[in-house]
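In what follows, a single structure is set out as structure tokens and then discussed.
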Amino acid sequence: MLLFGLLLLTSALAGQRHGTQAESNLSSKFQYSSNKEQNGVQDPQHERIITVSTNGSIHSPRFPHTYPRNMVLVWRLVAADENVWIQLTFDERFGLEDPEDDICKYDFVEVEEPSDGTILGRWCGSGTVPGKQISKGNQIRIRFVSDEYFPSEPGFCIHYNIVAPQFTEAVSPSVSPPSALPLDLLNNAVTAFSTLEELIRYLEPDRWQLDLEDLYRPTWQLLGKAFVFGRKSRVVDLNLLKEEVRMYSCTPRNFSVSIREELKRTDTIFWPGCLLVKRCGGNCACCLHNCHECQCVPSKVTKKYHEVLQLRPKSGVRGLHKSLTDVALEHHEECDCVCRGHTGG
């Protein structure tokens, strides 16, 4: 009887321990789930803070091999010097789960500006390596998210370094989105870019490729053709001398003009901002008219159409409407020397 009682007591204690362990495991599971929710994209409490004083890098787990599933990792890079910015450069080896309908819904890496919560970009897939990103201050946040399905390789690796504000590239984000700048300031910024791709990257860092493709869809009509000089006559040396003098006298020649000034369109930005046109130029030293002073004026003027990128503020919302458009500019095809005060025919 005593032995039977001891067996019952031992069984009860074992059951209690098993129940406690099960409860603990269940509690841990719920705690893990809760932590996973809290460690989402919107919660900075679980981020890893990295003090940046020299070059370094962060990467997805197991890079350049397949990264784990069901993960959320957050890094905040903080420069030791408050007066510098942080530049991010993605490794050429980049590959995450492909987007759905051009949207990174499942596995992605994104870069956020901590000062105002602006998402500088979110990337996935493997078609294009993300471009350089530069912080607005001395901090920048990076998030990596993978769901429970279809991990890819190689993942990502981001190299970071410190840059001084005055030496950053033209594609650096400004304190405000480009479309929020006054048109005159935006016009100055747009003019500084040397290629259309750089310009669209600056205006639309999140979707610049799509915007670039949209611009070149064949939905417009080509209206103008290039201006072509007539053939010159060079028969003998004397004619050659005369022709050379004519080239530097009153003749049509290339001039650079501002489209905004020519069209008096202060509400619109054009890229390129300046175009070459033919305008009368040169002196009238051999003027045949008997007058005190001759001036060079156009005697034949035509309109030529030039296809350019047009940027206009959207009505009622922040952003810029981008389209290819034809602008008509005056070209001088023939010039004459006339007495000052008279106009050409």
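As shown in the structure tokens, the chain order sets the letters A, B, ...; within each chain, residues go from 1, and ligands are also counted from 1 in the order they appear.
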Spatial neighbours of Gln87 of chain A, max dist 10 Å, only C-alpha atoms, sep filter under 6 positions, as a count of residues only
18
Need to verify the contact set: segment 72-85 of chain A, 9 Å, only C-alpha atoms, exclusion of same-chain residues closer than 2 positions in sequence. Can you return it as a PyMOL selection string? chain A and resi 36+39-41+44+46-54+58+60+70+87+114+134-147+160-165+168
Inset, instruction - Have a look at A:Leu183, A:Val111, A:Val190, A:Met71 and name the one nearest to Glu148 of chain A; count only C-alpha atoms. - result: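 Using only C-alpha atoms, the shortest distance to Glu148 of chain A belongs to A:Met71.
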Requested in this report: Write out as a ChimeraX atom specification all residues of segment 54-234 of chain A that DSSP puts in strand (DSSP E) for this structure's backbone.
Outcome: /A:56-59,71-79,85-90,108-113,118-123,133-134,139-146,157-163
_I'd like the contact shell of Gly282 of chain A - 9 Å cut-off, only C-alpha atoms, skipping same-chain residues fewer than 4 positions apart - returned as a list in words._
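Contacts, in chain order: Met247, Tyr248, Ser249, Cys250, Thr251, Pro252, Arg253 and Cys296 of chain A.
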Grab the residues selected above and save them as a short mmCIF file (atom, residue, chain, number, x, y, z; two decimals), in the first residue's frame with all heavy atoms.
data_model
loop_
_atom_site.label_atom_id
_atom_site.label_comp_id
_atom_site.auth_asym_id
_atom_site.auth_seq_id
_atom_site.Cartn_x
_atom_site.Cartn_y
_atom_site.Cartn_z
N MET A 247 31.53 83.36 -93.20
CA MET A 247 31.25 82.54 -92.03
C MET A 247 31.33 83.34 -90.74
O MET A 247 30.64 83.03 -89.76
CB MET A 247 32.24 81.36 -91.96
CG MET A 247 32.02 80.30 -93.02
SD MET A 247 33.28 79.02 -92.95
CE MET A 247 33.02 78.40 -91.30
N TYR A 248 32.16 84.35 -90.72
CA TYR A 248 32.30 85.16 -89.51
C TYR A 248 31.59 86.49 -89.61
O TYR A 248 31.74 87.34 -88.74
CB TYR A 248 33.79 85.36 -89.20
CG TYR A 248 34.47 84.06 -88.82
CD1 TYR A 248 35.18 83.33 -89.76
CD2 TYR A 248 34.36 83.56 -87.53
CE1 TYR A 248 35.77 82.13 -89.43
CE2 TYR A 248 34.95 82.36 -87.19
CZ TYR A 248 35.67 81.66 -88.15
OH TYR A 248 36.25 80.46 -87.82
N SER A 249 30.84 86.68 -90.69
CA SER A 249 30.04 87.89 -90.83
C SER A 249 28.61 87.58 -90.42
O SER A 249 28.38 86.68 -89.63
CB SER A 249 30.12 88.39 -92.28
OG SER A 249 31.45 88.73 -92.62
N CYS A 250 27.67 88.28 -90.99
CA CYS A 250 26.27 88.15 -90.60
C CYS A 250 25.69 86.86 -91.17
O CYS A 250 25.25 86.83 -92.33
CB CYS A 250 25.51 89.38 -91.09
SG CYS A 250 23.75 89.37 -90.68
N THR A 251 25.69 85.81 -90.38
CA THR A 251 25.20 84.50 -90.84
C THR A 251 24.49 83.78 -89.71
O THR A 251 24.70 84.08 -88.52
CB THR A 251 26.38 83.61 -91.31
OG1 THR A 251 27.32 83.49 -90.25
CG2 THR A 251 27.05 84.19 -92.55
N PRO A 252 23.65 82.78 -90.04
CA PRO A 252 23.08 81.94 -88.99
C PRO A 252 24.17 81.09 -88.34
O PRO A 252 25.03 80.56 -89.04
CB PRO A 252 22.07 81.06 -89.75
CG PRO A 252 21.84 81.75 -91.05
CD PRO A 252 23.12 82.44 -91.37
N ARG A 253 24.13 80.97 -87.05
CA ARG A 253 25.12 80.18 -86.34
C ARG A 253 24.50 79.61 -85.07
O ARG A 253 23.42 80.01 -84.65
CB ARG A 253 26.35 81.01 -86.01
CG ARG A 253 26.06 82.26 -85.20
CD ARG A 253 27.24 83.20 -85.19
NE ARG A 253 27.59 83.63 -86.53
CZ ARG A 253 28.78 84.13 -86.87
NH1 ARG A 253 29.72 84.23 -85.96
NH2 ARG A 253 29.02 84.52 -88.10
N CYS A 296 22.98 93.20 -88.02
CA CYS A 296 22.66 91.88 -88.56
C CYS A 296 21.30 91.44 -88.06
O CYS A 296 21.08 91.34 -86.84
CB CYS A 296 23.74 90.88 -88.14
SG CYS A 296 23.51 89.22 -88.80
#
Discussion item. From the options A:Thr66, A:Val308, A:Cys284, A:Asp206, which residue's atoms come nearest to Arg122 of chain A, counting only C-alpha atoms?
Written reply: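 The shortest atom-to-atom distance to Arg122 of chain A comes from A:Asp206.
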- Query: Interatomic distance between atom CA of Pro130 of chain A and atom CA of Pro182 of chain A?
  - Reply: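 It comes out at 28.3 Å.
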As a check of understanding: the span from atom CA of Asn283 of chain A to atom CA of Lys264 of chain A is 28.4 Å
Long-range neighbours of Val257 of chain A as a ChimeraX atom specification, 7 Å cut-off, only C-alpha atoms, 2 positions minimum in chain:
/A:255,259,274-276
_So that I can see what lies close to Arg312 of chain A, please list as number ranges by chain the residues with an atom at most 8 Å from it, counting only C-alpha atoms and leaving out residues fewer than 6 positions away in the same chain._
A: 267-269, 320-322
Review point. Contacts of Gly95 of chain A at 10 Å or less, counting only C-alpha atoms, minus same-chain residues fewer than 2 places along, as a count of residues only?
Key: 23
Exercise for review: Find the spatial neighbours of Ser323 of chain A, counting only C-alpha atoms, within a cut-off of 12 Å - ignore same-chain residues fewer than 2 positions away - and output them as a list of chain:residue names.
Suggested key: A:Ile200, A:Asp211, A:Leu212, A:Glu213, A:Asp214, A:Leu215, A:Tyr216, A:Arg217, A:Pro218, A:Thr219, A:Trp220, A:Thr268, A:Ile269, A:Phe270, A:Trp271, A:Glu307, A:Val308, A:Leu309, A:Gln310, A:Leu311, A:Arg312, A:Pro313, A:Leu320, A:His321, A:Thr325, A:Asp326
